[in-house]
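Trainee: Pasting input-v2.csv here (CSV, C-alpha atoms):
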chain,number,residue,atom,x,y,z
A,196,MET,CA,-13.2,-23.3,26.5
A,197,THR,CA,-14.9,-26.6,26.7
A,198,SER,CA,-13.1,-29.8,27.7
A,199,ASN,CA,-13.1,-31.0,24.1
A,200,THR,CA,-11.5,-27.9,22.8
A,201,PRO,CA,-8.2,-28.8,21.1
A,202,ASP,CA,-5.0,-27.0,22.1
A,203,VAL,CA,-4.0,-26.5,18.5
A,204,SER,CA,-5.7,-26.3,15.1
A,205,VAL,CA,-3.1,-27.1,12.4
A,206,VAL,CA,-4.3,-25.3,9.3
A,207,ILE,CA,-2.8,-26.6,6.0
A,208,GLY,CA,-3.5,-25.0,2.7
A,209,ALA,CA,-2.5,-27.4,0.0
A,210,TYR,CA,-2.0,-26.9,-3.7
A,211,GLU,CA,-0.2,-29.4,-5.9
A,212,ALA,CA,1.7,-30.5,-2.8
A,213,MET,CA,2.6,-34.1,-3.6
A,214,PRO,CA,4.9,-35.8,-2.6
A,215,TYR,CA,5.9,-33.3,0.1
A,216,LEU,CA,2.4,-33.5,1.7
A,217,THR,CA,3.1,-37.0,3.0
A,218,ARG,CA,5.9,-36.0,5.3
A,219,CYS,CA,4.0,-32.9,6.3
A,220,LEU,CA,1.0,-34.8,7.5
A,221,ASP,CA,3.2,-37.6,9.1
A,222,SER,CA,5.0,-34.9,11.1
A,223,VAL,CA,1.6,-33.7,12.6
A,224,GLU,CA,0.6,-37.3,13.5
A,225,ALA,CA,4.1,-37.8,15.1
A,226,GLN,CA,3.7,-34.9,17.5
A,227,THR,CA,4.3,-35.5,21.2
A,228,LEU,CA,1.2,-33.5,21.8
A,229,PRO,CA,-1.5,-36.1,22.2
A,230,ALA,CA,-3.8,-36.6,19.1
A,231,ASP,CA,-6.9,-35.5,21.0
A,232,ARG,CA,-5.3,-32.2,21.8
A,233,MET,CA,-4.9,-31.3,18.1
A,234,GLU,CA,-7.0,-31.0,15.0
A,235,ILE,CA,-6.0,-30.7,11.4
A,236,ILE,CA,-7.9,-28.5,9.0
A,237,ALA,CA,-6.7,-29.1,5.4
A,238,VAL,CA,-7.9,-27.1,2.5
A,239,ASP,CA,-7.2,-28.5,-1.0
A,240,ASP,CA,-7.0,-25.5,-3.2
A,241,GLY,CA,-8.0,-27.1,-6.5
A,242,SER,CA,-5.1,-29.5,-6.8
A,243,THR,CA,-4.8,-31.9,-9.8
A,244,ASP,CA,-1.8,-34.0,-8.7
A,245,GLY,CA,-3.5,-36.2,-6.1
A,246,THR,CA,-3.2,-33.8,-3.2
A,247,GLY,CA,-6.9,-33.9,-2.5
A,248,GLU,CA,-7.2,-37.6,-2.7
A,249,TYR,CA,-4.3,-38.1,-0.3
A,250,LEU,CA,-5.8,-35.7,2.2
A,251,ASP,CA,-9.0,-37.7,2.2
A,252,GLU,CA,-7.1,-41.0,2.6
A,253,PHE,CA,-5.0,-39.6,5.5
A,254,ALA,CA,-8.1,-38.2,7.2
A,255,ALA,CA,-9.7,-41.6,7.1
A,256,ARG,CA,-6.9,-43.4,9.0
A,257,THR,CA,-5.3,-40.8,11.3
A,258,ALA,CA,-6.0,-40.6,15.0
A,259,VAL,CA,-5.9,-36.8,14.8
A,260,PRO,CA,-9.3,-35.2,14.3
A,261,MET,CA,-9.2,-33.9,10.7
A,262,ARG,CA,-11.4,-32.0,8.4
A,263,VAL,CA,-10.7,-31.7,4.6
A,264,VAL,CA,-12.2,-29.0,2.5
A,265,HIS,CA,-12.0,-29.2,-1.3
A,266,GLN,CA,-12.4,-26.0,-3.3
A,267,GLU,CA,-11.6,-24.5,-6.7
A,268,ASN,CA,-8.2,-22.9,-6.9
A,269,SER,CA,-8.1,-19.4,-5.3
A,270,GLY,CA,-4.9,-18.2,-6.9
A,271,GLY,CA,-2.9,-17.8,-3.7
A,272,PRO,CA,-2.3,-19.0,-0.1
A,273,SER,CA,-4.5,-16.4,1.7
A,274,ASN,CA,-7.9,-17.9,0.9
A,275,PRO,CA,-7.1,-21.5,2.0
A,276,ARG,CA,-5.6,-20.2,5.2
A,277,ASN,CA,-8.7,-18.0,5.8
A,278,VAL,CA,-11.0,-20.9,5.2
A,279,GLY,CA,-9.1,-23.1,7.6
A,280,LEU,CA,-9.0,-20.3,10.2
A,281,GLY,CA,-12.8,-19.9,10.0
A,282,LEU,CA,-13.2,-23.6,10.8
A,283,ALA,CA,-10.6,-23.8,13.6
A,284,ARG,CA,-11.7,-24.6,17.1
A,285,GLY,CA,-8.3,-24.8,18.9
A,286,ARG,CA,-7.0,-22.4,21.6
A,287,TYR,CA,-4.1,-21.8,19.2
A,288,VAL,CA,-3.7,-21.9,15.4
A,289,PHE,CA,-0.6,-23.0,13.5
A,290,PHE,CA,-0.4,-22.4,9.7
A,291,LEU,CA,1.6,-25.3,8.4
A,292,ASP,CA,2.7,-25.1,4.7
A,293,ALA,CA,2.0,-28.4,2.9
A,294,ASP,CA,5.6,-28.5,1.6
A,295,ASP,CA,7.1,-28.3,5.2
A,296,TYR,CA,7.1,-30.4,8.3
A,297,PHE,CA,7.3,-30.2,12.1
A,298,GLY,CA,9.9,-31.3,14.6
A,299,GLU,CA,8.4,-34.0,16.8
A,300,GLN,CA,8.1,-31.8,20.0
A,301,ALA,CA,7.1,-28.6,18.1
A,302,LEU,CA,3.5,-28.1,19.2
A,303,GLU,CA,4.0,-29.4,22.7
A,304,ARG,CA,6.9,-27.0,23.3
A,305,MET,CA,5.2,-24.0,21.7
A,306,VAL,CA,1.9,-24.5,23.5
A,307,ALA,CA,3.7,-24.9,26.8
A,308,MET,CA,5.5,-21.6,26.1
A,309,ALA,CA,2.4,-19.7,25.2
A,310,ASP,CA,0.6,-21.0,28.3
A,311,ARG,CA,3.5,-20.2,30.6
A,312,ALA,CA,4.3,-16.7,29.2
A,313,GLY,CA,0.7,-15.7,28.3
A,314,THR,CA,1.9,-14.5,24.9
A,315,ASP,CA,-0.2,-14.4,21.7
A,316,VAL,CA,2.4,-15.5,19.2
A,317,VAL,CA,5.2,-18.1,19.6
A,318,LEU,CA,8.1,-18.5,17.2
A,319,GLY,CA,9.6,-22.0,17.0
A,320,ARG,CA,13.2,-22.5,15.8
A,321,THR,CA,13.2,-23.0,12.0
A,322,VAL,CA,15.8,-24.6,9.8
A,323,GLY,CA,16.0,-24.8,6.0
A,324,VAL,CA,16.0,-28.0,4.0
A,325,ASN,CA,17.3,-27.4,0.5
A,326,ARG,CA,16.8,-23.7,1.1
A,327,GLY,CA,17.8,-20.9,3.4
A,328,ALA,CA,16.0,-20.0,6.6
A,329,PRO,CA,16.2,-17.0,9.0
A,330,LYS,CA,18.9,-17.5,11.7
A,331,SER,CA,19.4,-14.3,13.7
A,332,MET,CA,16.4,-14.7,16.0
A,333,TRP,CA,17.2,-18.2,17.3
A,334,LYS,CA,20.1,-17.2,19.7
A,335,GLU,CA,18.1,-17.9,22.8
A,336,THR,CA,14.7,-18.9,24.1
A,337,VAL,CA,12.8,-15.9,25.5
A,338,GLU,CA,9.4,-15.7,27.0
A,339,ARG,CA,8.8,-12.2,25.9
A,340,ALA,CA,10.8,-10.8,23.0
A,341,ASP,CA,11.0,-7.1,22.4
A,342,LEU,CA,9.9,-6.4,18.8
A,343,TYR,CA,12.0,-3.3,18.4
A,344,SER,CA,15.4,-4.5,19.8
A,345,SER,CA,15.2,-8.2,18.8
A,346,HIS,CA,15.4,-9.8,15.3
A,347,ILE,CA,11.9,-11.3,15.4
A,348,LYS,CA,10.8,-8.6,13.0
A,349,TYR,CA,12.9,-10.3,10.3
A,350,THR,CA,10.8,-13.5,10.4
A,351,LEU,CA,7.2,-12.6,9.3
A,352,SER,CA,6.2,-15.9,7.7
A,353,ALA,CA,2.9,-17.3,8.8
A,354,GLN,CA,4.4,-20.5,10.3
A,355,LYS,CA,4.0,-19.6,13.9
A,356,LEU,CA,1.6,-20.4,16.8
A,357,PHE,CA,-1.1,-17.8,17.1
A,358,ARG,CA,-3.6,-17.5,20.0
A,359,ARG,CA,-6.9,-17.9,18.2
A,360,SER,CA,-8.8,-15.6,20.6
A,361,LEU,CA,-6.5,-12.7,19.4
A,362,LEU,CA,-7.3,-13.4,15.8
A,363,VAL,CA,-11.0,-13.6,16.5
A,364,ARG,CA,-11.1,-10.5,18.7
A,365,LEU,CA,-9.3,-8.4,16.0
A,366,GLY,CA,-11.1,-10.0,13.1
A,367,MET,CA,-7.7,-10.8,11.6
A,368,THR,CA,-7.5,-12.7,8.3
A,369,PHE,CA,-4.9,-12.9,5.5
A,370,ASP,CA,-5.3,-10.2,2.8
A,371,GLU,CA,-6.5,-12.0,-0.3
A,372,GLY,CA,-5.7,-9.0,-2.5
A,373,LEU,CA,-2.0,-9.6,-1.9
A,374,LYS,CA,-0.3,-12.3,-3.9
A,375,THR,CA,2.9,-12.2,-2.0
A,376,GLY,CA,3.8,-10.8,1.5
A,377,GLU,CA,0.4,-11.5,2.9
A,378,ASP,CA,1.9,-13.5,5.7
A,379,ALA,CA,4.3,-10.6,6.6
A,380,LEU,CA,1.3,-8.3,6.9
A,381,PHE,CA,-0.7,-10.8,9.1
A,382,THR,CA,2.2,-11.7,11.3
A,383,MET,CA,3.3,-8.1,11.9
A,384,GLU,CA,-0.2,-7.1,12.9
A,385,ALA,CA,-0.2,-9.9,15.4
A,386,TYR,CA,3.2,-8.8,16.7
A,387,LEU,CA,2.0,-5.2,17.1
A,388,ARG,CA,-1.6,-5.7,18.4
A,389,GLY,CA,-1.1,-8.9,20.4
A,390,ASP,CA,0.0,-9.4,24.0
A,391,GLY,CA,3.6,-10.4,23.5
A,392,VAL,CA,5.8,-12.7,21.4
A,393,SER,CA,7.8,-15.7,22.6
A,394,VAL,CA,10.7,-17.5,21.0
A,395,VAL,CA,11.5,-21.3,21.4
A,396,ALA,CA,15.1,-21.5,20.2
A,397,ASP,CA,16.3,-24.6,22.0
A,398,HIS,CA,14.4,-27.1,19.8
A,399,THR,CA,13.9,-27.3,16.0
A,400,CYS,CA,10.2,-26.9,15.6
A,401,TYR,CA,9.9,-26.3,11.9
A,402,TYR,CA,11.6,-27.5,8.7
A,403,LEU,CA,11.2,-25.1,5.8
A,404,VAL,CA,11.5,-27.1,2.6
A,405,GLY,CA,12.8,-25.9,-0.7
A,406,ARG,CA,10.9,-27.8,-3.4
A,407,GLU,CA,13.1,-29.4,-6.1
A,408,ASP,CA,10.7,-28.3,-8.8
A,409,GLY,CA,11.2,-24.6,-7.7
A,410,LYS,CA,7.4,-24.1,-7.2
A,411,HIS,CA,7.6,-22.9,-3.6
A,412,VAL,CA,5.2,-20.0,-3.1
A,413,THR,CA,7.9,-17.6,-1.9
A,414,ARG,CA,9.8,-18.0,-5.2
A,415,SER,CA,6.8,-17.0,-7.3
A,416,GLY,CA,5.3,-13.7,-8.3
A,417,GLY,CA,6.5,-10.8,-10.4
A,418,HIS,CA,8.4,-7.7,-9.2
A,419,LEU,CA,5.3,-5.5,-9.2
A,420,LEU,CA,3.8,-7.8,-6.5
A,421,ARG,CA,6.8,-7.0,-4.2
A,422,PHE,CA,5.9,-3.3,-4.3
A,423,ASP,CA,2.4,-4.1,-3.3
A,424,SER,CA,3.7,-6.1,-0.4
A,425,ALA,CA,6.1,-3.3,0.7
A,426,ARG,CA,3.4,-0.7,0.4
A,427,ALA,CA,1.0,-2.8,2.5
A,428,LEU,CA,3.5,-3.5,5.3
A,429,MET,CA,4.8,0.0,5.5
A,430,GLY,CA,1.2,1.3,5.7
A,431,LEU,CA,0.4,-1.2,8.5
A,432,ILE,CA,3.5,-0.1,10.5
A,433,ALA,CA,2.6,3.5,10.1
A,434,ARG,CA,-1.0,2.9,11.2
A,435,TYR,CA,-0.1,1.3,14.5
A,436,VAL,CA,3.3,2.8,15.4
A,437,PRO,CA,3.6,6.6,15.8
A,438,PRO,CA,6.5,8.4,14.1
A,439,GLY,CA,9.8,8.1,15.9
A,440,PRO,CA,12.6,5.6,16.6
A,441,ARG,CA,10.3,2.6,17.1
A,442,ARG,CA,8.6,3.1,13.7
A,443,ASP,CA,12.0,3.7,12.0
A,444,THR,CA,13.3,0.4,13.4
A,445,LEU,CA,10.4,-1.6,12.0
A,446,MET,CA,10.5,0.2,8.6
A,447,ILE,CA,14.0,-1.2,8.1
A,448,ARG,CA,12.4,-4.5,7.4
A,449,PRO,CA,10.2,-3.6,4.4
A,450,PHE,CA,12.8,-1.2,3.0
A,451,VAL,CA,15.7,-3.7,3.2
A,452,VAL,CA,14.0,-7.1,2.8
A,453,THR,CA,11.2,-6.2,0.3
A,454,LEU,CA,12.1,-3.0,-1.5
A,455,LEU,CA,15.9,-3.0,-1.8
A,456,PRO,CA,16.2,-6.3,-3.6
A,457,GLN,CA,14.3,-4.8,-6.5
A,458,PHE,CA,17.3,-2.5,-7.0
A,459,GLY,CA,20.0,-5.1,-6.7
A,460,PRO,CA,22.3,-6.5,-9.5
A,461,VAL,CA,19.2,-8.0,-11.2
A,462,LEU,CA,18.5,-4.5,-12.4
A,463,LEU,CA,21.5,-4.6,-14.6
A,464,ARG,CA,19.9,-7.3,-16.8
A,465,GLN,CA,16.4,-5.7,-16.9
A,466,SER,CA,15.1,-3.3,-19.6
A,467,GLU,CA,14.9,0.4,-19.3
A,468,ALA,CA,11.1,0.1,-19.1
A,469,VAL,CA,11.3,-2.2,-16.1
A,470,ARG,CA,13.8,0.1,-14.4
A,471,ARG,CA,11.5,3.0,-14.9
A,472,GLU,CA,8.5,1.1,-13.8
A,473,LYS,CA,10.2,0.0,-10.6
A,474,THR,CA,11.4,3.6,-9.9
A,475,GLU,CA,7.9,5.0,-10.3
A,476,ARG,CA,6.6,2.6,-7.7
A,477,ALA,CA,9.4,3.2,-5.2
A,478,VAL,CA,9.4,7.0,-5.2
A,479,PRO,CA,6.0,7.3,-3.4
A,480,LEU,CA,7.2,4.9,-0.8
A,481,MET,CA,10.4,6.9,-0.2
A,482,GLU,CA,8.3,10.1,0.0
A,483,ALA,CA,5.9,8.6,2.5
A,484,TYR,CA,8.2,6.5,4.8
A,485,TRP,CA,11.9,7.5,4.4
A,486,THR,CA,13.0,9.3,7.5
A,487,PRO,CA,16.3,10.3,9.3
A,488,GLY,CA,15.9,7.2,11.5
A,489,VAL,CA,15.6,4.9,8.6
A,490,ALA,CA,18.6,6.5,6.9
A,491,ARG,CA,21.0,6.2,9.8
A,492,ARG,CA,20.2,2.5,10.3
A,493,LEU,CA,21.3,1.4,6.8
A,494,LYS,CA,24.6,0.3,5.5
A,495,VAL,CA,26.3,2.6,3.0
A,496,GLN,CA,25.5,0.5,-0.1
A,497,GLU,CA,21.9,0.1,1.0
A,498,ARG,CA,21.4,3.8,1.6
A,499,LEU,CA,23.2,4.7,-1.6
A,500,ARG,CA,20.9,2.5,-3.7
A,501,LEU,CA,17.7,3.8,-2.2
A,502,LEU,CA,18.9,7.4,-2.4
A,503,CYS,CA,19.8,6.9,-6.1
A,504,VAL,CA,16.2,5.7,-6.6
A,505,ALA,CA,14.7,8.7,-4.7
A,506,GLU,CA,16.9,11.1,-6.7
A,507,GLY,CA,16.0,9.5,-10.0
A,508,ARG,CA,19.7,8.8,-10.6
A,509,ILE,CA,19.5,5.3,-12.1
A,510,ASP,CA,22.7,6.0,-13.9
A,511,LEU,CA,24.5,6.3,-10.6
A,512,LEU,CA,22.7,3.3,-9.3
A,513,LEU,CA,23.8,1.1,-12.2
A,514,ASP,CA,27.4,2.0,-11.6
A,515,VAL,CA,27.1,1.1,-7.9
A,516,LEU,CA,25.5,-2.2,-8.9
A,517,ARG,CA,28.3,-3.0,-11.4
A,518,PHE,CA,30.8,-2.3,-8.7
A,519,MET,CA,29.0,-4.6,-6.2
A,520,GLU,CA,28.7,-7.4,-8.8
A,521,SER,CA,32.4,-7.2,-9.6
A,522,GLY,CA,33.3,-8.1,-6.1
A,523,GLU,CA,35.4,-5.0,-5.6
A,524,GLU,CA,35.6,-3.5,-2.2
A,525,PRO,CA,35.2,0.3,-1.5
A,526,GLU,CA,38.1,2.2,-0.1
A,527,VAL,CA,37.6,3.3,3.5
A,528,VAL,CA,38.2,7.0,3.7
A,529,ARG,CA,38.6,9.0,6.9
A,530,ARG,CA,37.9,12.7,7.0
A,531,GLY,CA,38.2,14.0,10.6
A,532,ALA,CA,35.7,12.2,12.8
A,533,ARG,CA,33.9,10.7,9.8
A,534,LEU,CA,34.4,7.5,7.9
A,535,TYR,CA,33.2,7.0,4.3
A,536,LEU,CA,33.1,4.0,2.0
A,537,ALA,CA,34.2,5.2,-1.5
A,538,TYR,CA,31.6,3.5,-3.7
A,539,PRO,CA,31.4,4.8,-7.3
A,540,HIS,CA,31.1,8.6,-7.7
A,541,PHE,CA,32.2,9.4,-4.2
A,542,ARG,CA,33.0,13.1,-4.0
A,543,GLU,CA,32.3,13.7,-7.7
A,544,ASP,CA,30.5,16.8,-8.9
A,545,GLY,CA,26.9,16.2,-9.8
A,546,ALA,CA,26.7,12.9,-7.8
A,547,LEU,CA,25.3,12.3,-4.3
A,548,PRO,CA,26.7,14.3,-1.4
A,549,ASP,CA,29.3,12.9,1.0
A,550,PRO,CA,26.8,12.0,3.8
A,551,ALA,CA,25.3,9.4,1.5
A,552,TYR,CA,28.6,7.5,1.7
A,553,GLU,CA,29.2,7.9,5.5
A,554,VAL,CA,29.5,4.9,7.8
A,555,THR,CA,26.6,5.0,10.3
A,556,VAL,CA,26.4,1.3,11.3
A,557,THR,CA,28.9,-1.4,11.6
A,558,GLU,CA,30.2,-2.6,8.2
A,559,TRP,CA,32.3,-5.5,7.0
A,560,ILE,CA,34.7,-4.7,4.2
A,561,GLY,CA,37.1,-7.4,3.0
A,562,GLY,CA,36.7,-9.4,6.2
A,563,ARG,CA,37.5,-6.3,8.3
A,564,ARG,CA,35.0,-4.8,10.8
A,565,ILE,CA,34.4,-1.1,10.2
A,566,GLU,CA,32.9,0.6,13.3
A,567,VAL,CA,31.2,4.0,13.4
A,568,PRO,CA,33.8,6.4,14.9
A,569,ALA,CA,33.3,7.0,18.6
A,570,GLY,CA,31.3,10.1,19.4
A,571,ARG,CA,30.1,10.6,15.8
A,572,SER,CA,26.3,11.0,16.0
A,573,PRO,CA,24.6,10.1,12.7
A,574,ALA,CA,21.5,12.1,13.5
A,575,ALA,CA,22.4,15.2,11.5
A,576,LEU,CA,23.6,13.1,8.6
A,577,ALA,CA,20.4,11.2,8.5
A,578,ARG,CA,18.2,14.3,8.6
A,579,ARG,CA,20.1,15.8,5.6
A,580,LEU,CA,19.8,12.6,3.6
A,581,ALA,CA,16.1,12.1,4.5
A,582,ARG,CA,15.3,15.8,3.7
A,583,ARG,CA,17.1,15.6,0.3
A,584,ALA,CA,15.3,12.3,-0.6
A,585,ARG,CA,11.9,13.6,0.3
A,586,ASN,CA,12.4,16.8,-1.6
A,587,ARG,CA,13.5,14.9,-4.7
A,588,ALA,CA,10.6,12.5,-4.4
A,589,ARG,CA,8.2,15.4,-4.3
A,590,ARG,CA,9.7,16.9,-7.4
A,591,VAL,CA,9.5,13.6,-9.2
A,592,LEU,CA,5.8,13.2,-8.2
A,593,ARG,CA,5.0,16.7,-9.3
A,594,ALA,CA,6.7,16.2,-12.7
A,595,ARG,CA,4.5,13.1,-13.3
Any chance you could put this one into structure tokens?
Mentor:
Amino acid sequence: MTSNTPDVSVVIGAYEAMPYLTRCLDSVEAQTLPADRMEIIAVDDGSTDGTGEYLDEFAARTAVPMRVVHQENSGGPSNPRNVGLGLARGRYVFFLDADDYFGEQALERMVAMADRAGTDVVLGRTVGVNRGAPKSMWKETVERADLYSSHIKYTLSAQKLFRRSLLVRLGMTFDEGLKTGEDALFTMEAYLRGDGVSVVADHTCYYLVGREDGKHVTRSGGHLLRFDSARALMGLIARYVPPGPRRDTLMIRPFVVTLLPQFGPVLLRQSEAVRREKTERAVPLMEAYWTPGVARRLKVQERLRLLCVAEGRIDLLLDVLRFMESGEEPEVVRRGARLYLAYPHFREDGALPDPAYEVTVTEWIGGRRIEVPAGRSPAALARRLARRARNRARRVLRAR
């Protein structure tokens, strides 16, 4: 690196970002990292609300080296980020959303962490403003977090510090074919192929803003796009992680965070055609990636919902969803060394078998903690559930 190489290239893709953009840019300028150790690359993605003009105005007066690109609207966040990444010169790159803003010491602390630990990705503590934000991964600052045992796999947004040499070496860019979940795909690949991930948890680095007009990118996009996102992320994990416990641990994320919400209470208010469409897209994913290890890591209601989809039993699924939406609590049933949660159709003829209802991870029912019985291995249960789901998925595919 030359002496004039900045530490960080802050890449901002901006579309219809006013008035949020003003605080976003002010937060970059207010960083404790000196101005000559940063650069801003802002890509105006065809805005019509004054975003482009404000970027030009800010660039003309800021002490931070700044480049502004104006282009026609690309239809998503991937292209502006890729354009910015292609122009970046910094040792590190941070993808800052135009709606959000930094804590004052964010870049200084994250760069120091990356330099000290030698890691390729750094996560800075994030809090939500007018919206929720991930919390479970901010319990402590760690120089090298384990992807499989920690909760970092549950924060796959692009708002992180990435070592640019990693991205260049691997030829990494955001998938412009995905309209949602492109950041999860990019970040997971960096986690898997990079040299370590650090967590800065003792300082708020990033403020994730919920727009009052409801136009934040994560709130947009139809349900079909979510299946595209799940398919891409599952495929990436399978490509780089061999079958086994480590892959199963990572697969929980796309199953629970991306796929499962498509079969939540919202399904009760959707048409039969939408329900059928969702099921047809989920079955191949169950066939390809559902395993014993995935099954035993899920809560009962999560496992039940996915098994109903795999079995083609939308009638049972709707009953489970009505039960959940009512706020009722399942009875805890003990049978020998096993515990079950008696959601609808438990032990009924023609319904799902008992193992689908068995407690295999810690649950909370009515404020009461339900632990897996001591000495009860869920492995056999998980194998039966997975085998049954795969067999059913194969039958459904053949019938199509």
Trainee: Counting only C-alpha atoms, which residue out of A:Gly327, A:Gly389, A:Leu420, A:Gln300 sits closest to Gly313 (chain A)?
Mentor: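 Smallest separation from Gly313 (chain A) among the options: A:Gly389.
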Trainee: Using all atoms listed in the file, which residues sit within 8 Å of Leu445 (chain A) once same-chain residues fewer than 6 positions away are excluded, as a list in words?
Mentor: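 After dropping sequence-adjacent residues, the list is Tyr343, Lys348 and Ile432 of chain A.
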Trainee: For each of A:Val478, A:Val528, A:Cys219, A:Ala283, take the minimum atom-to-atom distance to Ala505 (chain A), counting only C-alpha atoms, then give the residue where this is smallest.
Mentor: A:Val478
Trainee: Provide the CA of Arg326 (chain A) to CA of Phe357 (chain A) distance in Å, to one decimal place.
Mentor: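 Straight-line distance from CA of Arg326 (chain A) to CA of Phe357 (chain A) works out to 24.7 Å.
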Trainee: Using all atoms listed in the file, which of the listed residues (A:Pro438, A:Gly245, A:Gly271, A:Gly366) sits closest to Trp485 (chain A)?
Mentor: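 Ranking A:Pro438, A:Gly245, A:Gly271, A:Gly366 by distance to Trp485 (chain A), first place goes to A:Pro438.
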Trainee: Using CA of Arg286 (chain A) and CA of Trp333 (chain A) as the two end points, give the distance in Å to one decimal.
Mentor: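 Between CA of Arg286 (chain A) and CA of Trp333 (chain A) the gap works out to 24.9 Å.
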Trainee: Counting all atoms listed in the file, which residue out of A:Leu431, A:Val203, A:Leu454, A:Leu512 sits closest to Leu419 (chain A)?
Mentor: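 Under the stated criterion, the closest residue is A:Leu454.
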Trainee: Mind checking which residues fall within 12 Å of region 516-518 of chain A, counting all atoms listed in the file, ignoring those fewer than 5 positions away in the same chain, and posting them as a VMD selection string?
Mentor: chain A and resid 455 to 464 496 to 497 499 to 501 503 509 to 511 523 to 525 537 to 540
Trainee: Compile the contact shell of Ala237 (chain A) as a VMD selection string: residues with an atom at most 7 Å away, counting only C-alpha atoms, same-chain residues fewer than 4 positions apart removed.
Mentor: chain A and resid 206 to 208 262 to 264 279
Trainee: List the neighbours of Glu338 (chain A) out to 10 Å using only C-alpha atoms; skip same-chain residues closer than 3 positions along the sequence, and give me the result as a ChimeraX atom specification.
Mentor: /A:308-309,311-314,317,335,341,391-395
Trainee: Go ahead and write the residues just picked, C-alpha atoms, as a PDB file, keeping the file's coordinate frame.
Mentor:
ATOM      1  CA  MET A 308       5.500 -21.600  26.100  1.00  0.00           C
ATOM      2  CA  ALA A 309       2.400 -19.700  25.200  1.00  0.00           C
ATOM      3  CA  ARG A 311       3.500 -20.200  30.600  1.00  0.00           C
ATOM      4  CA  ALA A 312       4.300 -16.700  29.200  1.00  0.00           C
ATOM      5  CA  GLY A 313       0.700 -15.700  28.300  1.00  0.00           C
ATOM      6  CA  THR A 314       1.900 -14.500  24.900  1.00  0.00           C
ATOM      7  CA  VAL A 317       5.200 -18.100  19.600  1.00  0.00           C
ATOM      8  CA  GLU A 335      18.100 -17.900  22.800  1.00  0.00           C
ATOM      9  CA  ASP A 341      11.000  -7.100  22.400  1.00  0.00           C
ATOM     10  CA  GLY A 391       3.600 -10.400  23.500  1.00  0.00           C
ATOM     11  CA  VAL A 392       5.800 -12.700  21.400  1.00  0.00           C
ATOM     12  CA  SER A 393       7.800 -15.700  22.600  1.00  0.00           C
ATOM     13  CA  VAL A 394      10.700 -17.500  21.000  1.00  0.00           C
ATOM     14  CA  VAL A 395      11.500 -21.300  21.400  1.00  0.00           C
TER      15      VAL A 395
END
Trainee: Counting only C-alpha atoms, figure out which residue out of A:Gly247, A:Gly522, A:Pro275, A:Gly405 gets nearest to Gly561 (chain A).
Mentor: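 Looking only at the distances to Gly561 (chain A), the closest residue turns out to be A:Gly522.
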Trainee: Using only C-alpha atoms and a cutoff of 6 Å, can you tell me which residues are near (-9.8, -34.9, 12.1) in the file's coordinates, and write them out as a PyMOL selection string?
Mentor: chain A and resi 234-235+259-262
Trainee: Please, could you write that set of residues out with C-alpha atoms as a PDB file, in the frame of the given file?
Mentor:
ATOM      1  CA  GLU A 234      -7.000 -31.000  15.000  1.00  0.00           C
ATOM      2  CA  ILE A 235      -6.000 -30.700  11.400  1.00  0.00           C
ATOM      3  CA  VAL A 259      -5.900 -36.800  14.800  1.00  0.00           C
ATOM      4  CA  PRO A 260      -9.300 -35.200  14.300  1.00  0.00           C
ATOM      5  CA  MET A 261      -9.200 -33.900  10.700  1.00  0.00           C
ATOM      6  CA  ARG A 262     -11.400 -32.000   8.400  1.00  0.00           C
TER       7      ARG A 262
END
Trainee: Restricting the calculation to all atoms listed in the file: of A:Ser242, A:Asn586, A:Thr368, A:Asn274, which residue gets closest to Leu380 (chain A)?
Mentor: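 Counting all atoms listed in the file, the residue closest to Leu380 (chain A) is A:Thr368.
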Trainee: Using all atoms listed in the file, which residues sit within 6 Å of Arg320 (chain A) once same-chain residues fewer than 3 positions away are excluded, as a ChimeraX atom specification?
Mentor: /A:395-396,399-400
Trainee: When you draw a straight line from CA of Arg476 (chain A) to CA of Glu558 (chain A), how long is it in Å?
Mentor: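 Distance reported for this atom pair: 28.9 Å.
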Trainee: Would you mind putting N, CA and C atoms back on region 493-499 of chain A and writing the result as a PDB file, in the coordinates of the input?
Mentor:
ATOM      1  N   LEU A 493      20.941   2.187   8.020  1.00  0.00           N
ATOM      2  CA  LEU A 493      21.300   1.400   6.800  1.00  0.00           C
ATOM      3  C   LEU A 493      22.807   1.387   6.600  1.00  0.00           C
ATOM      4  N   LYS A 494      23.263   0.299   5.978  1.00  0.00           N
ATOM      5  CA  LYS A 494      24.600   0.300   5.500  1.00  0.00           C
ATOM      6  C   LYS A 494      24.786   1.199   4.320  1.00  0.00           C
ATOM      7  N   VAL A 495      26.032   1.561   4.009  1.00  0.00           N
ATOM      8  CA  VAL A 495      26.300   2.600   3.000  1.00  0.00           C
ATOM      9  C   VAL A 495      25.691   2.114   1.624  1.00  0.00           C
ATOM     10  N   GLN A 496      25.970   0.872   1.203  1.00  0.00           N
ATOM     11  CA  GLN A 496      25.500   0.500  -0.100  1.00  0.00           C
ATOM     12  C   GLN A 496      23.958   0.389  -0.153  1.00  0.00           C
ATOM     13  N   GLU A 497      23.319   0.077   0.977  1.00  0.00           N
ATOM     14  CA  GLU A 497      21.900   0.100   1.000  1.00  0.00           C
ATOM     15  C   GLU A 497      21.308   1.471   0.902  1.00  0.00           C
ATOM     16  N   ARG A 498      21.875   2.388   1.663  1.00  0.00           N
ATOM     17  CA  ARG A 498      21.400   3.800   1.600  1.00  0.00           C
ATOM     18  C   ARG A 498      21.675   4.391   0.240  1.00  0.00           C
ATOM     19  N   LEU A 499      22.839   4.118  -0.327  1.00  0.00           N
ATOM     20  CA  LEU A 499      23.200   4.700  -1.600  1.00  0.00           C
ATOM     21  C   LEU A 499      22.143   4.226  -2.691  1.00  0.00           C
TER      22      LEU A 499
END
